[in-house]
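Peer 1: Before I ask anything, let me first share the structure, which is written out below as structure tokens.
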Amino acid sequence: MVTVGFAYAIALGVFKGDRWLAVGATAITAFNPMFVFISSSVNNDNLVIALCSAATWLLMRMARQGATSKRVLLLGVLIGLGALSKLYALGMLAVAGVVLLWLAYRRRSWLDFVRWMAILGATVALISGWWYVRNYLLYGDWLALGPMRDTAWRRSESPTLSTLLSEFQGFRIAYWALFGGVNVLVHEWIYTLLDLVSALSALGMLALGALALVRPGRIRALALDWRCVFVALLWYGVMIIGFIFWNLTQPAAQGRLMYPAIASISSLGLLGLTWWLPRRGAHVVAAVTGTALWVFAVAVPFVSIAPAYAQPPLLSEADIPADLTRLDWIIDGKMRLIGVRIDQPVVRAAETLPVTVYWQALEPMDINYSIFVHLFGRDGQKVGQFDTYPGLGAWPATLLKPGDVVADTYPVPVWPEAEQAAPATLRVLVGLYDYDEPGRPAKPTYTATGEPVTLQVGRAKLVPWQWPEVEAAQRVRVDFGDGIRLTGYELRRDASSHTYNLKLVWQPTARPSADYTVFIQVWDEDEQVAGFDGPPVGGDYPSSGWEAGEVIVDEHRLDWAGAGLEGEGSGRYRMLVGLYRLDTGERLPAFAPDGTPLPAFAVEIPFEPALP
């Protein structure tokens with residue numbers, strides 16, 4: 001309620017007393033479903049959002065009416081309390097410093113600026129300084145960012161641009177509607193509509209900025225208080241910068257982290273949509289936007305959240321789909337994993353992979369088994385995980401009776417870091433464990449005939465958000481059969497050892513019909529003296545899963561130790577590269593750009609071996 005009240009006061013300042021637009025901007029804050037959701041739970045976000053909204057309004061008031069010692073003291077109290085709630089409130093000090101510097105400049109009194117900053121700094125320090133001193137004494141870190149990152153989830157390496165872009169997909173969803181344990185979404189068309197409105201608003205703000213540079217006299221005629229607009233933009237900008245720096249070391253694709261500036265964002269968002277419209281048109285846009293969000297907020301609990309927690313119906317054997325991939329695994333002698341269905345075979349980082357599993361109780365149970373779904377990508381690295389109970393918690397195992405069948409669909413999140421391992425084939429593993437058992441090992445699982453299993457229930461395909469533009473050292477065009485094209489290669493020598501790294505760049509023109517193996521052969525004048533055969537991408541992305549337009553970077557390590565090569569003469573050895581089917585040994589035909597078949601269906605790569 002405090003945040004909504006100050007959101008109205010902030011919007012009233014931005015729109016120079018226009019109550020229609022102020023109410024519209026307030027509605028964008030008040031009826032944002034995610035803001036309502038966050039506000040209904042106990043957390044440190046609610047207080048810092050309210051305090052920062054109050055501080056923003058106070059800074060706008062000072063920008064219009066001037067600063068006094070009492071106002072600066074009150075601002076210090078708000079920021080000091082906010083700094084005890086969440087670190088983001090410290091960013092308000094930067095906004096306050098700019099506003100007070102501008103006011104002092106207008107007064108031509110730098111002494112006022114020093115006095116105001118002394119009052120502000122002393123007040124903040126008195127209220128919250130003890131907490132930061134405590135951090136330093138405990139951790140040697142004033143802000144305790146290191147321990148926080150270690151506790152939450154520190155990035156193992158700096159994110160790439162593609163990783164940040166993939167995480168932004170989750171961020172823009174989470175700003176409006178992502179409920180439960182960040183796993184309950186609304187219909188996709190709603191996100192698309194919100195994206196469209198947000199994009200129009202951003203374009204409107206960019207156009208307003210351009211107009212301010214080209215024709216400043218025209219924008220001065222708009223019914224806006226530019227001092228308030230400036231404060232809102234400044235605070236929004238500080239929040240964005242802080243969020244970016246935090247996200248460089250800590251995955252944090254949660255839109256709620258921007259809520260300390262939600263009142264400013266709502267006012268600026270409506271400004272971008274309406275500044276160019278006549279007053280009546282702007283009022284209509286404000287009314288429609290606010291009403292639509294109110295309908296959205298009212299409907300979400302019933303349309304999206306409640307169904308996600310509804311108890312799924314118990315099924316019988318007759319209800320099991322005939323086309324289900326049957327497994328019939330017996331787990332701990334108590335549960336049967338009947339089968340699995342993966343309806344979304346392709347997924348990207350920061351998305352969710354829905355995995356539907358059919359379970360059947362075999363005996364009465366006294367353990368509330370937990371369910372895990374793990375995703376493993378390249379080199380056996382885990383890239384996603386989802387843990388729950390039968391019925392997503394609605395059907396604890398102890399309530400199931402022998403013969404009961406439960407069908408669950410698990411929204412397994414693919415971690416944002418998986419972008420760096422794409423493309424890859426994801427192995428999907430499913431099993432049971434006892435949460436209270438030390439170490440939480442997977443319960444023993446056997447086939448119907450009593451043989452142990454590896455828990456892999458299926459596969460999915462992980463692809464990048466954007467396929468890379470790869471510049472190989474040597475560009476070629478070799479068209480193999482079955483829709484596979486080699487577009488480049490690069491052979492690099494490791495000076496510290498007797499090894500090479502061969503990078504092949506494949507770009508399929510159609511989906512291959514089989515899994516092929518790469519052969520890499522080294523020949524002298526008469527015979528083959530070394531071979532390095534292996535599947536593309538180390539077997540982590542078989543060719544049968546490739547699609548037209550993809551770019552597959554395939555690296556092979558070639559170690560000459562023990563290969564029996566002799567002499568360093570350049571040109572004595574030659575390397576041949578091609579593809580064949582492992583089951584038949586048949587090579588895939590290879591053709592030059594003019595359609596001429598290559599000898600032995602192989603690409604010849606010149607090199608001089610690094611000999612032992």
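In the structure tokens, each chain is lettered A, B, ... as it comes, each chain's residues begin at 1, and ligands are numbered from 1 in order of appearance.
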Find the spatial neighbours of stretch 86-93 of chain A, counting only C-alpha atoms, within a cut-off of 8 Å - ignore same-chain residues fewer than 5 positions away - and output them as a list in words.

Peer 2: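 In the requested format, the answer is Asn44, Asp45, Val48, Cys52, Ala55, Ile79, Leu143, Trp235, Val238, Met239, Gly242 and Pro260 of chain A.
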
Peer 1: Within 12 Å of A:Gly539, counting only C-alpha atoms, which residues show up once you throw out same-chain ones fewer than 2 positions away? Write them as number ranges by chain, please.

Peer 2: A: 377-380, 423-427, 515-518, 533-537, 541-545, 554-556

Peer 1: Can you list, as a PyMOL selection string, all residues belonging to stretch 57-224 of chain A that DSSP tags as alpha helix (DSSP H)?

Peer 2: chain A and resi 57-65+69-85+91-107+110-139+145-152+161-176+188-214+216-220

Peer 1: Quick check, in Å to one decimal: how far apart do atom CA of A:Ser264 and atom CA of A:Ala30 lie?

Peer 2: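 These two atoms are separated by 12.8 Å.
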
Peer 1: Which of stretch 327-482 of chain A counts as strand (DSSP E or B) under DSSP, as a PDB file with C-alpha atoms, in the first residue's frame please?

Peer 2:
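Contents of states.pdb, freshly written:
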ATOM      1  CA  LEU A 327       9.774 -48.648 -19.267  1.00  0.00           C
ATOM      2  CA  ASP A 328       8.075 -50.545 -16.412  1.00  0.00           C
ATOM      3  CA  TRP A 329      10.948 -50.018 -13.995  1.00  0.00           C
ATOM      4  CA  ILE A 330      10.553 -51.166 -10.399  1.00  0.00           C
ATOM      5  CA  ILE A 331      11.954 -48.665  -7.863  1.00  0.00           C
ATOM      6  CA  MET A 335       6.820 -47.841  -7.162  1.00  0.00           C
ATOM      7  CA  ARG A 336       6.691 -48.574 -10.875  1.00  0.00           C
ATOM      8  CA  LEU A 337       7.903 -46.036 -13.398  1.00  0.00           C
ATOM      9  CA  ILE A 338       5.521 -46.997 -16.191  1.00  0.00           C
ATOM     10  CA  GLY A 339       6.770 -44.711 -18.922  1.00  0.00           C
ATOM     11  CA  VAL A 340       7.871 -41.253 -20.005  1.00  0.00           C
ATOM     12  CA  ARG A 341       6.872 -38.770 -22.668  1.00  0.00           C
ATOM     13  CA  VAL A 346      14.133 -29.037 -28.537  1.00  0.00           C
ATOM     14  CA  VAL A 347      14.977 -26.648 -25.691  1.00  0.00           C
ATOM     15  CA  THR A 352      11.976 -25.366 -19.225  1.00  0.00           C
ATOM     16  CA  LEU A 353      11.745 -28.886 -20.578  1.00  0.00           C
ATOM     17  CA  PRO A 354       8.389 -30.535 -19.781  1.00  0.00           C
ATOM     18  CA  VAL A 355       8.851 -34.214 -18.916  1.00  0.00           C
ATOM     19  CA  THR A 356       5.714 -36.303 -18.346  1.00  0.00           C
ATOM     20  CA  VAL A 357       6.154 -39.409 -16.186  1.00  0.00           C
ATOM     21  CA  TYR A 358       3.574 -42.098 -15.338  1.00  0.00           C
ATOM     22  CA  TRP A 359       3.937 -43.644 -11.879  1.00  0.00           C
ATOM     23  CA  GLN A 360       2.120 -46.557 -10.239  1.00  0.00           C
ATOM     24  CA  ALA A 361       2.061 -47.528  -6.576  1.00  0.00           C
ATOM     25  CA  SER A 370      11.011 -37.496  -3.583  1.00  0.00           C
ATOM     26  CA  ILE A 371      11.318 -37.444  -7.369  1.00  0.00           C
ATOM     27  CA  PHE A 372      14.302 -36.060  -9.257  1.00  0.00           C
ATOM     28  CA  VAL A 373      14.628 -35.209 -12.929  1.00  0.00           C
ATOM     29  CA  HIS A 374      18.177 -34.407 -14.037  1.00  0.00           C
ATOM     30  CA  LEU A 375      19.462 -33.132 -17.378  1.00  0.00           C
ATOM     31  CA  PHE A 376      23.012 -33.939 -18.458  1.00  0.00           C
ATOM     32  CA  LYS A 382      24.473 -31.475 -15.220  1.00  0.00           C
ATOM     33  CA  VAL A 383      22.635 -28.572 -16.860  1.00  0.00           C
ATOM     34  CA  GLY A 384      19.173 -28.834 -15.302  1.00  0.00           C
ATOM     35  CA  GLN A 385      17.352 -30.296 -12.324  1.00  0.00           C
ATOM     36  CA  PHE A 386      13.852 -30.525 -10.887  1.00  0.00           C
ATOM     37  CA  ASP A 387      12.910 -32.119  -7.559  1.00  0.00           C
ATOM     38  CA  THR A 388       9.377 -32.673  -6.335  1.00  0.00           C
ATOM     39  CA  VAL A 405      -1.490 -44.357 -11.314  1.00  0.00           C
ATOM     40  CA  VAL A 406      -0.342 -40.721 -11.301  1.00  0.00           C
ATOM     41  CA  ALA A 407       0.722 -38.802 -14.410  1.00  0.00           C
ATOM     42  CA  ASP A 408       3.017 -35.859 -13.661  1.00  0.00           C
ATOM     43  CA  THR A 409       4.454 -33.238 -16.000  1.00  0.00           C
ATOM     44  CA  TYR A 410       7.645 -31.760 -14.566  1.00  0.00           C
ATOM     45  CA  PRO A 411       8.801 -28.330 -15.839  1.00  0.00           C
ATOM     46  CA  VAL A 412      12.541 -28.979 -15.659  1.00  0.00           C
ATOM     47  CA  PRO A 413      14.504 -25.703 -15.860  1.00  0.00           C
ATOM     48  CA  VAL A 414      17.541 -25.666 -18.117  1.00  0.00           C
ATOM     49  CA  ALA A 424      24.170 -30.923 -27.281  1.00  0.00           C
ATOM     50  CA  THR A 425      21.978 -33.925 -26.701  1.00  0.00           C
ATOM     51  CA  LEU A 426      20.495 -33.821 -23.228  1.00  0.00           C
ATOM     52  CA  ARG A 427      20.165 -37.094 -21.341  1.00  0.00           C
ATOM     53  CA  VAL A 428      17.070 -37.092 -19.132  1.00  0.00           C
ATOM     54  CA  LEU A 429      17.337 -39.125 -15.921  1.00  0.00           C
ATOM     55  CA  VAL A 430      14.447 -39.819 -13.545  1.00  0.00           C
ATOM     56  CA  GLY A 431      14.419 -41.584 -10.188  1.00  0.00           C
ATOM     57  CA  LEU A 432      13.278 -41.620  -6.566  1.00  0.00           C
ATOM     58  CA  TYR A 433      15.068 -40.837  -3.299  1.00  0.00           C
ATOM     59  CA  ALA A 442      18.783 -42.685  -5.756  1.00  0.00           C
ATOM     60  CA  THR A 445      15.885 -49.319  -9.840  1.00  0.00           C
ATOM     61  CA  TYR A 446      15.443 -52.468 -11.920  1.00  0.00           C
ATOM     62  CA  PRO A 452      19.657 -52.671 -12.892  1.00  0.00           C
ATOM     63  CA  GLN A 456      18.037 -42.523 -18.370  1.00  0.00           C
ATOM     64  CA  VAL A 457      14.457 -42.240 -19.618  1.00  0.00           C
ATOM     65  CA  GLY A 458      14.919 -40.227 -22.802  1.00  0.00           C
ATOM     66  CA  ARG A 459      16.698 -37.467 -24.627  1.00  0.00           C
ATOM     67  CA  ALA A 460      16.115 -33.910 -25.737  1.00  0.00           C
ATOM     68  CA  LYS A 461      18.009 -31.492 -27.896  1.00  0.00           C
ATOM     69  CA  LEU A 462      19.716 -28.391 -26.490  1.00  0.00           C
ATOM     70  CA  GLN A 474      40.533 -22.675 -43.743  1.00  0.00           C
ATOM     71  CA  ARG A 475      37.213 -22.200 -45.509  1.00  0.00           C
ATOM     72  CA  VAL A 476      36.075 -25.061 -47.708  1.00  0.00           C
ATOM     73  CA  ARG A 477      32.881 -26.415 -49.169  1.00  0.00           C
ATOM     74  CA  VAL A 478      32.602 -30.162 -49.218  1.00  0.00           C
ATOM     75  CA  ASP A 479      29.139 -31.663 -49.597  1.00  0.00           C
ATOM     76  CA  PHE A 480      28.872 -35.088 -48.057  1.00  0.00           C
TER      77      PHE A 480
END

Peer 1: Do you have the atom CA of A:Ala510-atom CA of A:Pro599 distance handy?

Peer 2: 23.7 Å

Peer 1: Which of these, A:Tyr105, A:Tyr132, A:Phe15, A:Phe607, has the shortest distance to A:Tyr573 once you count only C-alpha atoms?

Peer 2: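 Residue with the minimum atom-to-atom distance to A:Tyr573: A:Phe607.
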
Peer 1: Identify which of the residues A:Leu203, A:Met148, A:Ala122, A:Ala349 lies closest to A:Trp275, counting only C-alpha atoms when measuring atom-to-atom distances.

Peer 2: A:Leu203

Peer 1: Find the distance between atom CA of A:Ala50 and atom CA of A:Leu164 and write it in Å to one decimal.

Peer 2: 28.7 Å
